[in-house]
Amino acid sequence: MSRAVRRAVRRAEGSPGWLAVPGTGYLVLLFVLPLAALLATSFQGEQGGFSLAGYARFATDPFSAVVVWNTLKIALLVTLLCLLIGYPVGFAMARASLPVQGLMFLALILPLSVGVVVKSFAWTILLRSNGLVNQVLLGLGLVDEPARLLFNERGLVIAAVHVFLPFMVLPVFTVARQIDSRLAEAAATLGAKPLHAFVRVTWPLSLPGVVAGSAFVFSMAVSMYVIPALLVGDRYQTLPALLARAYLFMRDRQSGSTLAVILLAIAVAVVVGSTLLTRRLQSRAQPRGATT
């Protein structure tokens with residue numbers, strides 16, 4: 001090994017921070033710079049220079065409030081349903097034997113290899129009036145006539161939950177496998193009922209997985225475009241739909257960038273707020289647990 005190479009190796013060993021330069025440069029090039037350009041475009045007026053016209057139009061348009069409400073409502077519904085379904089599934093995977101756990105992983109991960117467009121088209125077939133879902137409902141006697149599940153919120157929520165559910169199950173599973181199952185048994189020996197043991201022991205310990213899964217699902221649900229476009233169309237307007245229309249059809253970069261910044265701000269605000277709330281709840285629960 002030459003002296004120059006040895007000198008370079010010693011220099012790298014003495015300053016390990018240089019190892020982060022390639023990754024940092026990659027993130028800056030592909031994420032920071034495009035977001036900075038997007039933000040700058042949203043504040044650019046028609047004649048050039050700084051302008052808040054795009055944000056003013058969005059704030060003064062009554063239709064904007066409807067669009068924001070539709071976007072947040074669908075994202076919250078999808079996140080809540082994914083949590084209700086994914087939380088017990090994640091714990092079941094963590095407590096299952098290795099062969100069963102492998103099968104559950106396969107059933108969970110395999111659908112991720114299929115594109116969102118294919119999944120959305122599949123749901124249009126399943127949810128149509130003569131589709132499999134309505135045939136099952138009619139066969140069980142739950143409905144007297146085919147239910148309308150396409151071109152409305154119900155079909156959109158069903159398809160979105162199916163697409164985003166793995167992103168809730170995996171974080172919950174990761175945290176649940178680290179929770180000692182004997183803690184609930186110890187709580188039971190001290191007289192705690194199952195519900196009380198879950199609220200005071202299991203739920204606080206699983207909050208990191210809940211927060212991570214909710215952040216993943218909400219950030220993807222609030223910005224989804226393909227699923228609403230295929231299952232609902234233009235009848236249900238959301239921020240991603242308006243954003244795509246501004247860029248693709250109206251060729252209005254200023255309005256499109258404004259909508260993109262607002263959408264990004266909503267997602268970041270909700271994720272950061274939920275994280276801070278969870279930390280506050282955990283800090284409150286720790287002293288109580290120490291005194292009992």
# chains A, B, ... in the order shown; residues from 1 in each chain; ligands from 1

$ closest_atom_pairs --of "region 32-143 of chain A" --to "region 170-186 of chain A" --cutoff "9 Å" --atoms "only C-alpha atoms" --output "tab-separated table"
residue	atom	partner	partner_atom	distance
A:Gly86	CA	A:Val172	CA	7.6
A:Tyr87	CA	A:Val172	CA	6.3
A:Pro88	CA	A:Val172	CA	8.8
A:Val89	CA	A:Phe173	CA	8.0
A:Gly90	CA	A:Phe173	CA	4.3
A:Phe91	CA	A:Ala176	CA	5.7
A:Ala92	CA	A:Phe173	CA	8.3
A:Met93	CA	A:Phe173	CA	6.6
A:Ala94	CA	A:Arg177	CA	4.8
A:Arg95	CA	A:Arg177	CA	7.3
A:Leu108	CA	A:Leu170	CA	8.9

$ closest_atom_pairs --of "region 255-286 of chain A" --to "region 69-74 of chain A" --cutoff "10 Å" --atoms "only C-alpha atoms" --output "JSON lines"
{"residue": "A:Leu263", "atom": "CA", "partner": "A:Thr71", "partner_atom": "CA", "distance": 9.2}
{"residue": "A:Ile266", "atom": "CA", "partner": "A:Leu72", "partner_atom": "CA", "distance": 8.7}
{"residue": "A:Ala267", "atom": "CA", "partner": "A:Leu72", "partner_atom": "CA", "distance": 9.4}

$ write_last_selection --atoms "N, CA and C atoms" --output "PDB file, in the first residue's frame"
ATOM      1  N   LEU A 263     -49.951  20.760   0.899  1.00  0.00           N
ATOM      2  CA  LEU A 263     -50.100  19.329   1.171  1.00  0.00           C
ATOM      3  C   LEU A 263     -48.943  18.814   2.019  1.00  0.00           C
ATOM      4  N   ILE A 266     -49.323  20.047   5.639  1.00  0.00           N
ATOM      5  CA  ILE A 266     -50.337  19.307   6.396  1.00  0.00           C
ATOM      6  C   ILE A 266     -49.781  17.976   6.881  1.00  0.00           C
ATOM      7  N   ALA A 267     -49.129  17.252   5.995  1.00  0.00           N
ATOM      8  CA  ALA A 267     -48.590  15.947   6.377  1.00  0.00           C
ATOM      9  C   ALA A 267     -47.532  16.082   7.467  1.00  0.00           C
TER      10      ALA A 267
END

$ residues_around --residues "Ile262 (chain A)" --least-positions-apart "3" --cutoff "12 Å" --atoms "only C-alpha atoms" --output "NGL selection string"
:A and (38-39 or 42 or 54-55 or 58-59 or 64 or 67-68 or 71 or 222-223 or 239-240 or 242-243 or 255-259 or 265-269)

$ closest_residue --among "A:Met104, A:Val210, A:Val66, A:Ala260" --to "Ala246 (chain A)" --atoms "only C-alpha atoms"
A:Ala260

$ atom_distance --atom1 "CA of Trp123 (chain A)" --atom2 "CA of Ser214 (chain A)"
23.3 Å

$ residues_around --residues "region 128-140 of chain A" --least-positions-apart "6" --cutoff "8 Å" --atoms "only C-alpha atoms" --output "PyMOL selection string"
chain A and resi 146-150

$ write_last_selection --atoms "N, CA, C and O atoms" --output "PDB file, in the first residue's frame"
ATOM      1  N   PRO A 146     -77.566  -4.944  -4.611  1.00  0.00           N
ATOM      2  CA  PRO A 146     -76.129  -4.629  -4.631  1.00  0.00           C
ATOM      3  C   PRO A 146     -75.832  -3.260  -4.044  1.00  0.00           C
ATOM      4  O   PRO A 146     -76.478  -2.262  -4.369  1.00  0.00           O
ATOM      5  N   ALA A 147     -74.871  -3.236  -3.128  1.00  0.00           N
ATOM      6  CA  ALA A 147     -74.462  -1.977  -2.507  1.00  0.00           C
ATOM      7  C   ALA A 147     -73.601  -1.171  -3.463  1.00  0.00           C
ATOM      8  O   ALA A 147     -72.841  -1.733  -4.257  1.00  0.00           O
ATOM      9  N   ARG A 148     -73.723   0.117  -3.391  1.00  0.00           N
ATOM     10  CA  ARG A 148     -72.932   1.012  -4.249  1.00  0.00           C
ATOM     11  C   ARG A 148     -71.599   1.270  -3.563  1.00  0.00           C
ATOM     12  O   ARG A 148     -71.516   2.012  -2.584  1.00  0.00           O
ATOM     13  N   LEU A 149     -70.555   0.643  -4.056  1.00  0.00           N
ATOM     14  CA  LEU A 149     -69.236   0.726  -3.448  1.00  0.00           C
ATOM     15  C   LEU A 149     -68.203   1.413  -4.326  1.00  0.00           C
ATOM     16  O   LEU A 149     -67.080   1.627  -3.883  1.00  0.00           O
ATOM     17  N   LEU A 150     -68.579   1.724  -5.544  1.00  0.00           N
ATOM     18  CA  LEU A 150     -67.681   2.449  -6.439  1.00  0.00           C
ATOM     19  C   LEU A 150     -68.118   3.904  -6.563  1.00  0.00           C
ATOM     20  O   LEU A 150     -69.299   4.229  -6.392  1.00  0.00           O
TER      21      LEU A 150
END

$ select_by_dssp --residues "region 120-286 of chain A" --states "alpha helix (DSSP H)" --output "ChimeraX atom specification"
/A:120-126,132-139,153-164,166-176,182-189,194-197,203-221,226-231,239-248,253-286
